[in-house]
Amino acid sequence: MDFDFIIGDWTVNHRRLNERLCGCDTWTEFKGRSSTRKILDGFGNLEDNVLYFPGGEVRAAAIRSYDSASRTWAIWWLDGRAPHNLDAPVVGSFCEDVGSFYADDFLDGKPIKVRFLWKKKSVNAATWEQAFSADGGTSWETNWTMEFTRSVA
């Protein structure tokens with residue numbers, strides 16, 4: 001399956017834009033850990049995350065499921081700071097080693113588009129980035145990147 005490359009345990013280097021869609025160019029970098037396991041007989045997976053934000057540790061999870069009829073994946077994000085809220089799912093698919101996923105959402109009450117890009121670099125490395133668009137997808141501002149390195153057992 002498309003996300004088989006991310007199954008396992010990872011160390012993560014995060015880079016997050018401090019403010020979004022307002023011309024900010026200041027980034028915060030921090031570390032994290034991630035562990036991903038298959039669910040739904042391989043048609044889904046669950047990614048358990050620890051993010052070491054400068055202000056403290058945060059737990060979060062990504063839940064992914066595959067729809068074989070449409071050949072698309074849906075990805076939900078659950079943040080431990082808001083344990084009753086799932087973010088709007090991004091939906092998309094892979095072409096070769098790049099997965100592109102999109103959703104309509106809101107930022108500060110204004111409609112935006114969200115894009116996730118997953119890139120398989122090797123069996124031991126992958127990247128993810130999140131971008132927002134306030135103009136219907138004409139332009140994108142990348143606001144979070146993650147570099148995954150497979151953990152050594």
# chains A, B, ... in the order shown; residues from 1 in each chain; ligands from 1
call {"tool": "residues_around", "arguments": {"residues": "segment 102-113 of chain A", "least_positions_apart": "2", "cutoff": "10 Å", "atoms": "only C-alpha atoms", "output": "list in words"}}
result
Arg20, Leu21, Ala74, Ile75, Asp87, Ala88, Pro89, Val90, Val91, Gly92, Ser93, Ser100, Arg115, Phe116, Leu117, Gln130, Ala131, Phe132, Ser133, Ala134, Asp135, Gly136, Gly137, Thr138 and Trp140 of chain A
call {"tool": "residues_around", "arguments": {"residues": "Val123 of chain A", "least_positions_apart": "6", "cutoff": "12 Å", "atoms": "only C-alpha atoms", "output": "list in words"}}
result
Phe3, Asp4, Phe5, Ile6, Ile7, Gly8, Asp9, Trp10, Asp97, Phe148, Thr149, Arg150 and Ser151 of chain A
call {"tool": "select_by_dssp", "arguments": {"residues": "chain A", "states": "strand (DSSP E or B)", "output": "count of residues only"}}
result
102
call {"tool": "residues_around", "arguments": {"residues": "Phe94 of chain A", "least_positions_apart": "3", "cutoff": "9 Å", "atoms": "only C-alpha atoms", "output": "list in words"}}
result
Asp2, Thr72, Trp73, Asp97, Val98, Gly99, Ser100, Phe101 and Trp118 of chain A
call {"tool": "residues_around", "arguments": {"residues": "Cys24 of chain A", "least_positions_apart": "5", "cutoff": "12 Å", "atoms": "only C-alpha atoms", "output": "NGL selection string"}}
result
:A and (16-19 or 141-143)
call {"tool": "write_last_selection", "arguments": {"atoms": "all heavy atoms", "output": "mmCIF file, in the first residue's frame"}}
result
data_model
loop_
_atom_site.group_PDB
_atom_site.id
_atom_site.type_symbol
_atom_site.label_atom_id
_atom_site.label_comp_id
_atom_site.auth_asym_id
_atom_site.auth_seq_id
_atom_site.Cartn_x
_atom_site.Cartn_y
_atom_site.Cartn_z
ATOM 1 N N ARG A 16 8.209 24.751 11.950
ATOM 2 C CA ARG A 16 6.840 25.280 11.913
ATOM 3 C C ARG A 16 6.861 26.801 11.849
ATOM 4 O O ARG A 16 7.505 27.459 12.671
ATOM 5 C CB ARG A 16 6.100 24.807 13.165
ATOM 6 C CG ARG A 16 4.658 25.173 13.198
ATOM 7 C CD ARG A 16 4.006 24.503 14.408
ATOM 8 N NE ARG A 16 2.627 24.886 14.505
ATOM 9 C CZ ARG A 16 2.056 25.313 15.611
ATOM 10 N NH1 ARG A 16 2.738 25.400 16.736
ATOM 11 N NH2 ARG A 16 0.799 25.651 15.613
ATOM 12 N N LEU A 17 6.129 27.347 10.881
ATOM 13 C CA LEU A 17 5.998 28.794 10.738
ATOM 14 C C LEU A 17 5.242 29.343 11.942
ATOM 15 O O LEU A 17 4.205 28.803 12.332
ATOM 16 C CB LEU A 17 5.251 29.107 9.443
ATOM 17 C CG LEU A 17 5.267 30.535 8.931
ATOM 18 C CD1 LEU A 17 6.692 31.005 8.628
ATOM 19 C CD2 LEU A 17 4.398 30.646 7.675
ATOM 20 N N ASN A 18 5.729 30.409 12.528
ATOM 21 C CA ASN A 18 5.138 30.925 13.768
ATOM 22 C C ASN A 18 3.731 31.477 13.583
ATOM 23 O O ASN A 18 2.899 31.369 14.483
ATOM 24 C CB ASN A 18 6.040 31.986 14.393
ATOM 25 C CG ASN A 18 7.308 31.376 14.966
ATOM 26 O OD1 ASN A 18 7.470 30.159 15.036
ATOM 27 N ND2 ASN A 18 8.232 32.221 15.362
ATOM 28 N N GLU A 19 3.448 32.103 12.457
ATOM 29 C CA GLU A 19 2.101 32.607 12.158
ATOM 30 C C GLU A 19 1.781 32.259 10.723
ATOM 31 O O GLU A 19 2.674 32.196 9.886
ATOM 32 C CB GLU A 19 2.024 34.119 12.374
ATOM 33 C CG GLU A 19 2.272 34.548 13.814
ATOM 34 C CD GLU A 19 2.159 36.050 13.969
ATOM 35 O OE1 GLU A 19 1.033 36.564 13.803
ATOM 36 O OE2 GLU A 19 3.196 36.683 14.237
ATOM 37 N N GLU A 141 1.189 28.752 0.968
ATOM 38 C CA GLU A 141 2.202 29.090 1.959
ATOM 39 C C GLU A 141 2.488 27.833 2.776
ATOM 40 O O GLU A 141 1.633 27.346 3.519
ATOM 41 C CB GLU A 141 1.707 30.193 2.898
ATOM 42 C CG GLU A 141 2.705 30.504 4.009
ATOM 43 C CD GLU A 141 2.135 31.464 5.032
ATOM 44 O OE1 GLU A 141 1.344 31.009 5.905
ATOM 45 O OE2 GLU A 141 2.462 32.662 4.940
ATOM 46 N N THR A 142 3.703 27.301 2.627
ATOM 47 C CA THR A 142 4.114 26.167 3.448
ATOM 48 C C THR A 142 4.312 26.670 4.867
ATOM 49 O O THR A 142 4.994 27.672 5.087
ATOM 50 C CB THR A 142 5.402 25.531 2.907
ATOM 51 O OG1 THR A 142 5.156 25.066 1.577
ATOM 52 C CG2 THR A 142 5.862 24.376 3.786
ATOM 53 N N ASN A 143 3.685 25.954 5.849
ATOM 54 C CA ASN A 143 3.759 26.429 7.221
ATOM 55 C C ASN A 143 4.262 25.382 8.208
ATOM 56 O O ASN A 143 4.432 25.683 9.388
ATOM 57 C CB ASN A 143 2.414 26.999 7.679
ATOM 58 C CG ASN A 143 1.296 25.993 7.573
ATOM 59 O OD1 ASN A 143 1.375 24.885 8.099
ATOM 60 N ND2 ASN A 143 0.236 26.369 6.855
#
